[in-house]
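J.: My structure is stored as protein.cif, with mmCIF, C-alpha atoms.
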data_upload
loop_
_atom_site.label_atom_id
_atom_site.label_comp_id
_atom_site.auth_asym_id
_atom_site.auth_seq_id
_atom_site.Cartn_x
_atom_site.Cartn_y
_atom_site.Cartn_z
CA MET A 1 47.18 101.02 107.01
CA SER A 2 48.50 104.30 108.36
CA THR A 3 46.24 104.58 111.39
CA ILE A 4 47.55 104.46 114.94
CA LYS A 5 46.76 101.45 117.10
CA GLN A 6 48.88 102.11 120.16
CA PHE A 7 51.82 103.99 121.68
CA ILE A 8 53.98 102.16 124.19
CA ALA A 9 56.60 104.11 126.18
CA ARG A 10 59.10 103.10 128.84
CA GLU A 11 61.98 104.62 130.78
CA ILE A 12 65.55 104.14 129.60
CA ILE A 13 68.82 105.73 130.77
CA ASP A 14 70.52 108.48 128.77
CA SER A 15 74.26 109.16 128.36
CA SER A 16 74.35 111.21 131.58
CA GLY A 17 72.81 108.41 133.63
CA TYR A 18 69.36 109.95 133.97
CA PRO A 19 66.02 108.56 132.79
CA THR A 20 64.60 109.48 129.41
CA LEU A 21 61.96 107.96 127.14
CA LYS A 22 61.90 105.20 124.57
CA GLY A 23 58.71 104.51 122.70
CA ALA A 24 57.07 102.35 120.07
CA LEU A 25 54.23 103.22 117.73
CA ILE A 26 52.14 100.27 116.55
CA LEU A 27 49.84 100.75 113.58
CA GLN A 28 46.56 98.96 112.95
CA ASN A 29 48.33 96.55 110.59
CA ASN A 30 50.85 95.85 113.39
CA LEU A 31 53.68 97.69 111.60
CA GLN A 32 55.91 99.06 114.35
CA VAL A 33 58.58 101.77 114.75
CA GLN A 34 60.69 102.57 117.80
CA LEU A 35 62.63 105.62 118.97
CA GLU A 36 64.61 106.77 121.99
CA ILE A 37 64.99 110.48 122.58
CA PRO A 38 67.07 112.93 124.64
CA SER A 39 65.42 114.78 127.48
CA THR A 40 66.22 117.77 129.63
CA ILE A 41 67.17 118.00 133.30
CA ASN A 42 64.77 120.47 134.89
CA LYS A 43 66.86 123.22 136.47
CA GLN A 44 65.55 126.02 138.63
CA ASN A 45 65.31 129.37 136.81
CA SER A 46 66.18 127.69 133.49
CA ASN A 47 64.73 129.10 130.29
CA GLU A 48 64.56 125.65 128.68
CA LEU A 49 61.47 123.57 128.06
CA VAL A 50 61.21 120.82 130.64
CA SER A 51 60.71 117.07 130.69
CA LEU A 52 57.98 115.72 132.92
CA ARG A 53 59.75 114.29 135.96
CA ASP A 54 58.22 112.34 138.84
CA GLY A 55 59.89 114.37 141.58
CA GLU A 56 59.90 111.41 143.98
CA ASP A 57 62.62 109.25 145.56
CA ARG A 58 63.26 106.95 142.59
CA TYR A 59 66.06 108.12 140.29
CA LEU A 60 66.66 111.06 142.69
CA GLY A 61 63.41 112.60 141.51
CA TYR A 62 64.25 112.36 137.81
CA GLY A 63 62.06 109.34 137.07
CA MET A 64 59.67 109.60 134.13
CA SER A 65 56.93 107.12 135.07
CA LYS A 66 54.34 109.92 134.92
CA ALA A 67 55.27 110.67 131.32
CA VAL A 68 55.19 106.94 130.51
CA ASN A 69 51.68 106.61 131.97
CA ILE A 70 50.42 109.66 130.08
CA ILE A 71 51.72 108.26 126.78
CA ASN A 72 50.57 104.68 127.32
CA ASN A 73 47.12 105.62 128.50
CA ALA A 74 45.87 109.13 127.72
CA ILE A 75 47.76 110.00 124.51
CA SER A 76 47.63 106.49 123.07
CA GLU A 77 43.86 106.39 123.53
CA LYS A 78 43.30 109.90 122.16
CA LEU A 79 45.29 109.29 118.97
CA LYS A 80 44.00 105.79 118.31
CA GLY A 81 42.65 105.58 114.77
CA VAL A 82 44.40 108.77 113.61
CA SER A 83 46.58 108.56 110.48
CA VAL A 84 50.28 109.21 111.01
CA PHE A 85 50.18 111.26 107.81
CA GLN A 86 48.19 113.89 109.72
CA GLN A 87 51.48 115.15 111.16
CA LYS A 88 50.57 118.80 111.46
CA GLU A 89 47.20 118.05 113.05
CA ILE A 90 48.81 115.68 115.57
CA ASP A 91 51.47 118.26 116.46
CA ILE A 92 48.88 121.01 116.88
CA TRP A 93 46.84 118.73 119.13
CA LEU A 94 49.91 117.94 121.24
CA ASN A 95 50.68 121.62 121.75
CA LYS A 96 47.06 122.38 122.59
CA ALA A 97 47.14 119.57 125.15
CA ASP A 98 49.97 121.42 126.91
CA THR A 99 49.82 125.20 126.57
CA THR A 100 52.16 125.89 129.49
CA GLU A 101 55.19 128.03 128.68
CA LYS A 102 57.78 125.31 129.40
CA LYS A 103 55.57 122.25 128.71
CA GLU A 104 55.32 121.47 132.42
CA LYS A 105 52.04 119.57 131.99
CA LEU A 106 53.11 116.84 129.54
CA GLY A 107 56.81 117.52 129.12
CA ALA A 108 58.72 118.47 125.98
CA SER A 109 60.17 114.96 125.67
CA THR A 110 56.66 113.48 125.73
CA LEU A 111 55.59 115.65 122.81
CA MET A 112 58.81 114.93 120.95
CA LEU A 113 58.46 111.17 121.25
CA ILE A 114 54.91 111.14 119.89
CA SER A 115 55.60 113.59 117.06
CA TYR A 116 58.78 111.90 115.86
CA LEU A 117 57.33 108.39 116.08
CA CYS A 118 54.54 109.47 113.73
CA ALA A 119 57.12 110.71 111.22
CA LEU A 120 59.15 107.50 111.54
CA ALA A 121 56.02 105.48 110.83
CA GLY A 122 55.16 107.64 107.83
CA ALA A 123 58.62 107.07 106.35
CA LYS A 124 58.35 103.32 106.96
CA ILE A 125 54.93 103.07 105.34
CA LYS A 126 56.23 104.89 102.26
CA ASN A 127 59.43 102.82 102.32
CA GLN A 128 61.50 106.03 102.18
CA PRO A 129 64.71 107.04 103.94
CA LEU A 130 63.68 109.19 106.87
CA TYR A 131 65.50 112.29 105.59
CA LEU A 132 63.60 112.17 102.28
CA TYR A 133 60.27 111.75 104.05
CA LEU A 134 61.04 114.64 106.42
CA ASN A 135 62.11 116.78 103.48
CA GLU A 136 58.83 116.12 101.69
CA LEU A 137 56.96 116.88 104.91
CA TYR A 138 58.76 120.20 105.34
CA ASN A 139 58.10 121.06 101.69
CA SER A 140 54.38 120.53 102.27
CA TYR A 141 54.53 123.24 104.97
CA TYR A 142 56.85 125.88 103.55
CA GLU A 143 58.88 126.97 100.53
CA LYS A 144 60.61 123.91 99.14
CA ILE A 145 64.08 122.87 100.21
CA LYS A 146 66.05 120.70 97.81
CA ILE A 147 68.52 118.23 99.27
CA ASN A 148 71.79 118.96 97.50
CA THR A 149 74.37 119.19 100.30
CA ILE A 150 75.30 117.37 103.47
CA PRO A 151 75.72 119.32 106.74
CA THR A 152 79.30 119.92 107.88
CA PRO A 153 80.23 118.67 111.35
CA ILE A 154 81.46 121.08 114.02
CA VAL A 155 83.63 118.76 116.10
CA THR A 156 84.30 119.13 119.82
CA LEU A 157 87.95 118.64 120.77
CA ILE A 158 88.26 120.27 124.21
CA ASN A 159 85.68 121.09 126.87
CA GLY A 160 85.84 123.74 129.56
CA GLY A 161 83.48 126.02 131.45
CA LYS A 162 80.55 124.32 133.15
CA TYR A 163 81.16 121.22 131.02
CA SER A 164 84.37 120.41 132.92
CA ASN A 165 86.23 120.89 136.19
CA ASN A 166 89.27 122.68 134.73
CA MET A 167 90.26 126.35 134.56
CA LEU A 168 89.06 126.89 130.99
CA ASP A 169 86.32 129.49 130.69
CA PHE A 170 85.06 128.62 127.20
CA LYS A 171 82.66 125.68 127.20
CA GLU A 172 83.80 124.06 123.97
CA PHE A 173 86.72 124.33 121.55
CA TYR A 174 85.83 123.19 118.05
CA LEU A 175 87.41 121.92 114.86
CA LEU A 176 85.82 123.21 111.64
CA PHE A 177 86.61 122.58 108.00
CA SER A 178 87.21 124.40 104.76
CA SER A 179 84.36 124.13 102.26
CA LYS A 180 86.69 122.17 99.97
CA VAL A 181 86.82 119.30 102.50
CA ASP A 182 83.99 116.80 101.89
CA LEU A 183 82.18 114.99 104.68
CA GLU A 184 84.12 111.74 104.48
CA ARG A 185 87.46 113.54 104.67
CA ALA A 186 86.17 115.83 107.43
CA ILE A 187 85.31 112.86 109.61
CA GLU A 188 88.67 111.23 108.83
CA ILE A 189 90.41 114.44 109.92
CA SER A 190 88.22 114.62 113.03
CA VAL A 191 89.15 111.14 114.19
CA GLU A 192 92.85 111.57 113.37
CA THR A 193 93.00 114.97 115.09
CA TYR A 194 91.20 113.70 118.16
CA HIS A 195 93.74 110.92 118.66
CA ARG A 196 96.68 113.19 117.86
CA LEU A 197 95.39 115.65 120.44
CA LYS A 198 95.33 112.87 123.02
CA ASP A 199 98.95 112.06 122.18
CA THR A 200 99.83 115.75 122.47
CA LEU A 201 98.19 115.96 125.90
CA LEU A 202 100.04 112.86 127.08
CA TYR A 203 103.34 114.25 125.77
CA ARG A 204 102.69 117.50 127.66
CA ASN A 205 101.79 115.50 130.78
CA VAL A 206 98.29 116.97 130.75
CA SER A 207 95.15 115.10 131.80
CA THR A 208 93.24 113.27 129.05
CA SER A 209 90.00 112.96 131.02
CA MET A 210 86.84 113.38 128.96
CA ALA A 211 83.75 115.56 129.40
CA GLU A 212 80.23 114.30 128.68
CA GLN A 213 80.35 115.29 125.01
CA GLY A 214 83.58 113.34 124.59
CA GLY A 215 85.91 116.33 124.36
CA PHE A 216 89.06 116.30 126.43
CA SER A 217 88.93 118.15 129.72
CA PRO A 218 92.62 118.92 130.37
CA ASN A 219 93.94 120.69 133.45
CA LEU A 220 95.02 123.83 131.59
CA SER A 221 95.31 127.28 133.12
CA SER A 222 93.94 129.43 130.28
CA ASN A 223 91.89 129.44 127.10
CA LEU A 224 95.00 130.29 125.10
CA ASP A 225 96.65 127.07 126.29
CA ALA A 226 93.78 125.10 124.76
CA PHE A 227 94.12 126.88 121.43
CA ASP A 228 97.88 126.36 121.39
CA LEU A 229 97.46 122.62 121.98
CA MET A 230 95.01 122.44 119.09
CA LEU A 231 97.42 124.30 116.81
CA GLU A 232 100.26 122.00 117.80
CA THR A 233 98.04 119.04 116.92
CA PHE A 234 97.07 120.51 113.54
CA ILE A 235 100.75 120.92 112.66
CA LYS A 236 101.42 117.27 113.51
CA GLY A 237 98.64 116.30 111.10
CA ASN A 238 99.96 118.59 108.33
CA LEU A 239 96.73 120.58 108.49
CA LYS A 240 96.96 124.21 107.43
CA LEU A 241 95.04 126.44 109.81
CA GLY A 242 92.94 128.93 107.87
CA LEU A 243 93.09 126.82 104.70
CA ASP A 244 92.19 123.21 105.57
CA VAL A 245 90.76 123.69 109.03
CA PHE A 246 89.53 126.42 111.34
CA THR A 247 88.80 126.72 115.04
CA GLY A 248 85.58 127.63 116.79
CA ILE A 249 84.28 128.10 120.32
CA ASP A 250 81.19 127.94 122.41
CA ALA A 251 82.29 130.71 124.75
CA GLY A 252 79.29 130.52 127.07
CA ALA A 253 79.99 134.14 128.00
CA GLU A 254 76.91 134.33 130.23
CA ASP A 255 78.76 132.14 132.73
CA TYR A 256 81.66 134.57 133.30
CA TYR A 257 79.91 137.89 132.64
CA THR A 258 79.71 139.91 135.85
CA GLY A 259 77.28 142.60 134.74
CA SER A 260 80.05 145.14 134.19
CA GLY A 261 82.73 143.02 132.51
CA TYR A 262 84.09 139.51 132.01
CA LYS A 263 86.01 137.59 134.69
CA PHE A 264 88.13 134.60 133.64
CA ALA A 265 88.92 132.02 136.30
CA GLY A 266 92.68 132.26 135.85
CA ASP A 267 92.90 136.07 135.66
CA PRO A 268 93.14 138.12 138.85
CA GLN A 269 91.58 141.14 137.17
CA GLU A 270 88.22 141.43 135.44
CA LYS A 271 88.26 142.43 131.78
CA THR A 272 86.20 145.47 130.86
CA THR A 273 83.72 144.94 128.03
CA THR A 274 86.09 146.91 125.79
CA ASP A 275 89.10 144.78 126.71
CA TYR A 276 87.09 141.59 126.29
CA TYR A 277 85.97 142.72 122.84
CA LYS A 278 89.61 143.26 121.86
CA PHE A 279 90.52 139.86 123.31
CA ILE A 280 87.91 138.05 121.20
CA ASN A 281 88.99 139.89 118.06
CA GLN A 282 92.62 138.95 118.69
CA LEU A 283 91.60 135.30 119.04
CA ILE A 284 89.98 135.47 115.60
CA LYS A 285 93.21 136.75 114.08
CA ASP A 286 95.60 134.47 115.94
CA TYR A 287 93.65 131.22 115.76
CA HIS A 288 91.47 131.61 112.65
CA LEU A 289 88.23 131.39 114.59
CA LEU A 290 85.44 130.78 112.09
CA TYR A 291 82.58 129.97 114.48
CA LEU A 292 81.81 131.86 117.70
CA GLU A 293 78.85 130.76 119.80
CA ASP A 294 77.58 132.92 122.65
CA ALA A 295 80.78 134.96 122.51
CA PHE A 296 79.16 137.85 124.40
CA ALA A 297 76.66 137.93 127.22
CA LYS A 298 73.10 138.60 126.17
CA GLU A 299 73.08 141.86 128.16
CA ASP A 300 76.22 143.12 126.38
CA THR A 301 74.15 144.47 123.48
CA GLU A 302 76.57 147.20 122.43
CA ASN A 303 79.43 144.77 121.85
CA LYS A 304 77.13 142.23 120.16
CA ILE A 305 75.88 144.77 117.63
CA LYS A 306 79.39 146.09 116.96
CA PHE A 307 80.77 142.57 116.60
CA TYR A 308 78.04 141.62 114.13
CA GLU A 309 78.71 144.69 111.99
CA GLU A 310 82.45 143.94 111.84
CA ILE A 311 82.57 140.13 111.69
CA SER A 312 79.32 138.77 110.23
CA ASN A 313 80.62 138.71 106.64
CA PHE A 314 83.68 136.67 107.64
CA GLY A 315 82.43 134.11 110.15
CA TYR A 316 79.53 132.50 111.95
CA ILE A 317 78.23 134.41 114.97
CA ALA A 318 76.02 131.88 116.67
CA GLN A 319 73.59 132.09 119.54
CA ASP A 320 72.43 129.20 121.67
CA TYR A 321 71.24 131.04 124.77
CA PHE A 322 67.89 132.85 124.73
CA ASN A 323 65.68 134.03 127.57
CA ASN A 324 62.74 132.53 125.72
CA TYR A 325 62.70 129.97 122.92
CA SER A 326 59.30 130.90 121.51
CA LEU A 327 59.24 131.69 117.81
CA LYS A 328 58.09 135.25 118.44
CA SER A 329 60.82 135.93 120.99
CA ILE A 330 63.59 134.66 118.71
CA GLU A 331 62.14 136.59 115.76
CA ASN A 332 62.32 139.79 117.83
CA GLU A 333 65.93 139.08 118.81
CA LEU A 334 66.93 138.52 115.20
CA LYS A 335 65.75 142.04 114.41
CA GLN A 336 68.58 143.37 116.60
CA LYS A 337 71.11 142.12 114.01
CA THR A 338 73.52 140.53 116.48
CA VAL A 339 73.76 136.95 115.12
CA ASN A 340 73.87 135.24 111.75
CA THR A 341 73.61 131.65 113.04
CA LEU A 342 71.22 129.85 115.39
CA VAL A 343 71.84 126.65 117.33
CA LEU A 344 68.76 124.42 117.11
CA LYS A 345 68.26 121.70 119.74
CA LEU A 346 65.35 119.35 119.31
CA THR A 347 64.11 119.59 122.91
CA ARG A 348 63.43 123.31 122.42
CA TYR A 349 61.11 122.72 119.46
CA PRO A 350 59.54 119.43 120.52
CA THR A 351 57.22 118.67 117.62
CA LEU A 352 58.20 118.52 113.97
CA THR A 353 55.83 121.38 113.26
CA ASP A 354 57.66 123.50 115.86
CA PHE A 355 61.05 122.59 114.41
CA PHE A 356 59.98 123.29 110.84
CA ALA A 357 58.69 126.72 111.93
CA ILE A 358 62.09 127.73 113.37
CA VAL A 359 63.84 126.51 110.20
CA ASP A 360 61.47 128.61 108.11
CA LEU A 361 62.18 131.62 110.34
CA CYS A 362 65.92 131.13 109.78
CA LYS A 363 65.48 130.90 106.03
CA LYS A 364 63.30 134.01 105.86
CA ASN A 365 65.95 135.95 107.81
CA ASN A 366 68.92 134.48 105.90
CA ILE A 367 70.19 132.88 109.11
CA THR A 368 72.49 129.85 109.13
CA TYR A 369 71.37 127.10 111.51
CA VAL A 370 73.15 124.31 113.33
CA VAL A 371 71.33 121.15 114.42
CA SER A 372 72.93 120.31 117.75
CA GLN A 373 73.04 117.33 120.07
CA GLU A 374 72.05 117.57 123.72
CA ILE A 375 74.49 117.23 126.61
CA SER A 376 72.54 114.14 127.67
CA GLU A 377 71.97 112.00 124.58
CA THR A 378 70.71 108.62 123.42
CA ASN A 379 71.52 106.50 120.38
CA GLN A 380 68.86 108.29 118.35
CA THR A 381 69.82 109.39 114.83
CA PHE A 382 66.55 111.17 114.06
CA SER A 383 68.32 114.52 114.49
CA VAL A 384 70.80 113.59 111.74
CA ASP A 385 68.06 112.86 109.21
CA LEU A 386 66.27 116.03 110.27
CA ALA A 387 69.41 118.11 109.71
CA VAL A 388 69.83 116.67 106.20
CA ALA A 389 66.12 117.03 105.41
CA THR A 390 66.12 120.73 106.32
CA GLN A 391 69.58 121.33 104.84
CA ALA A 392 71.26 122.66 107.97
CA GLN A 393 74.70 124.02 107.16
CA PHE A 394 76.24 122.47 110.29
CA VAL A 395 75.67 119.67 112.77
CA LYS A 396 77.16 119.33 116.25
CA PHE A 397 77.42 115.82 117.65
CA GLY A 398 80.28 116.33 120.10
CA ALA A 399 83.60 114.49 119.80
CA PRO A 400 83.99 111.47 117.48
CA VAL A 401 83.92 109.06 120.45
CA LYS A 402 81.29 107.61 122.82
CA GLY A 403 78.43 105.54 121.44
CA GLU A 404 75.70 108.20 121.52
CA ARG A 405 77.96 110.56 119.50
CA VAL A 406 79.53 108.03 117.15
CA VAL A 407 76.16 106.67 116.04
CA LYS A 408 75.32 110.11 114.65
CA TYR A 409 78.62 110.44 112.78
CA ASN A 410 78.05 106.98 111.30
CA ARG A 411 74.51 107.90 110.26
CA ILE A 412 75.56 111.09 108.46
CA LEU A 413 78.27 109.10 106.65
CA GLU A 414 75.63 106.59 105.60
CA ILE A 415 73.32 109.32 104.29
CA SER A 416 76.20 110.99 102.43
CA GLN A 417 76.98 107.73 100.65
CA GLU A 418 73.32 107.20 99.78
CA LEU A 419 73.04 110.71 98.32
CA LYS A 420 76.19 110.24 96.25
CA LYS A 421 74.86 106.96 94.89
CA ALA A 422 71.55 108.62 94.01
CA ASN A 423 73.35 111.67 92.54
CA LEU A 424 71.28 114.00 94.72
#
If you convert what's in this file into C-alpha cells, what do you get?
T.:
Amino acid sequence: MSTIKQFIAREIIDSSGYPTLKGALILQNNLQVQLEIPSTINKQNSNELVSLRDGEDRYLGYGMSKAVNIINNAISEKLKGVSVFQQKEIDIWLNKADTTEKKEKLGASTLMLISYLCALAGAKIKNQPLYLYLNELYNSYYEKIKINTIPTPIVTLINGGKYSNNMLDFKEFYLLFSSKVDLERAIEISVETYHRLKDTLLYRNVSTSMAEQGGFSPNLSSNLDAFDLMLETFIKGNLKLGLDVFTGIDAGAEDYYTGSGYKFAGDPQEKTTTDYYKFINQLIKDYHLLYLEDAFAKEDTENKIKFYEEISNFGYIAQDYFNNYSLKSIENELKQKTVNTLVLKLTRYPTLTDFFAIVDLCKKNNITYVVSQEISETNQTFSVDLAVATQAQFVKFGAPVKGERVVKYNRILEISQELKKANL
C-alpha cells in the first residue's frame, strides 16, 4: 500500500555541529524509508528561507524540538491515509500550511523532510532507483527530460572570504573539467589534485587547515597567491590548464563591495568598479576561469550587464545570491540578462514541486543550473539523485574529503556506473 501511516522525526547534528532533522515515513503496510536533511542557520536580515528553531537555551537556541513536534503530531496526523504518489498535492498542502515569506511558521527543513520522504517512499514502492523515480515525477509536471548525461562536479580546493579566517577575498576556488573528461576520471583528478595541493602547501610552509566544505584555508595574502598555488599543483599532475582542467571561483563580491567600489582585505586602496572589472577579466585570461559565481555585487548592474554581453558565450556566469528566492523574483532578475547559470540549493526550494518549478524556469530561459550542497550538510544523497533526475549540468559537493561530502561523490559514481550498465 502507498498510503501514509506515520511520520517520525528527531533531532540529529549536522556537519557544522548544529541540530537538523532526520525523519522516517512509515506506510500502512509498515514499509519504511528514512532521510536526514540539511537545514539553515537563521541569520538576522538574511534573505534565505529559515528552519524552525526553538530559540531557547538548549543548543544555544538552535534546537529543533518544535519542528519535531509539529511533524510527529500535526503533520503526521493530517497526512495519515494519503498516498505518497500524490506528491504535488502534498507539496501544495505543505506550502499552504505555511504561507509566510521565509517559512517561519513550519520551517523550510520541515517541509523538505516531508516532501522528500514521500518521494523516497514512492521510489521504494516502485522498486526504482530514486533518480529514475524523480525523473518520471518531473516529467509528469513539465516537458520531459531524458537522462543521458551525468552532472559534472565543480570541486572546491581552497576556501577564503567568510568561509575562512585568511586574507583571501573570494569564498571558493574551484577545479573544473574539460567536457572530454568523464565523471570517473574527473573524480580521480579531484582526489589526486587535492592531495597534491596539500603537498604543495606543506612545501611552501603554508597552513593546510580546512574550511567547513573541506577546502584548504591557507594563510595567503592575496587571491592571486591561491590561483598560483593551484596552477603549480596542476603542473605537478601533468594537467593542462585550459585543455584538461579549468579554474572557477565563488567570488562572493557582495562581501567586499563598498557601494562605490571593491575593497580587498590585502589592498590598501579600494578598486573602482572599472578597475575591478578589468581585474576579473584579467583573471579569466591568466587562469582560464570557466565558472564565475557572484563575481559582481548585485547592485553593480552596469558591470554585470557588460560582463554578460562579453563573457556569456565563453563561460558560466553564475548567481547564488538573490534578495528574494521566489520564482517570480528570480524570473524578473533573469530578464536583466546578467547570468547564464543559477546555483540551486535545496533549502531554498523546500518541496519537490518548488524545486521542479525552478528547474523548469531555468530550462525555459536556457539557463544552466548547478545543484549545490549546503555549508552545513548531512550524509543525505537525495540531492545527488535529484541533480541526475533533472539533468543539472553541474553539482557542487565541496572538496573530496569529509564524510558528508564524500558520500555524495560516492553516490554520483554509483549512479554513473548504473547508467553505463543500463546504456542510458
J.: Extract, using all atoms listed in the file, all DNA, RNA and protein residues at most 7 Å from Thr378 (chain A), discarding same-chain residues fewer than 4 positions from it, and format them as a list of chain:residue names.
T.: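 Returned residues: A:Asp14, A:Ser15, A:Glu36, A:Ile37, A:Pro38, A:Glu404.
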J.: Which residues would end up in the selection if the PyMOL selection byres ((chain A and resi 251-255) around 12) were applied here, given that I need the answer as a VMD selection string?
T.: chain A and resid 159 to 163 168 to 174 223 248 to 250 256 to 265 273 276 to 277 280 283 289 291 to 300 304 317 to 323
J.: Report, in Å with one decimal, the straight-line distance from CA of Glu331 (chain A) to CA of Ile150 (chain A).
T.: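 Computed distance, CA of Glu331 (chain A) to CA of Ile150 (chain A), equals 26.3 Å.
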J.: Going by the chain IDs and residue numbers used in this file, which residues fall under the PyMOL selection byres ((chain A and resi 187-197) around 9)? Write them as a ChimeraX atom specification.
T.: /A:153,155-157,175,182-186,198-202,215-216,229-230,232-234,236-237,239,399-401,409,413
J.: So, with all atoms listed in the file as the atoms that count, which of A:Thr347, A:Gly23, A:Val82, A:Ile114 lies closest to Glu48 (chain A)?
T.: A:Thr347
J.: Hey, can you check how far CA of Ser46 (chain A) sits from CA of Thr368 (chain A)?
T.: 25.3 Å
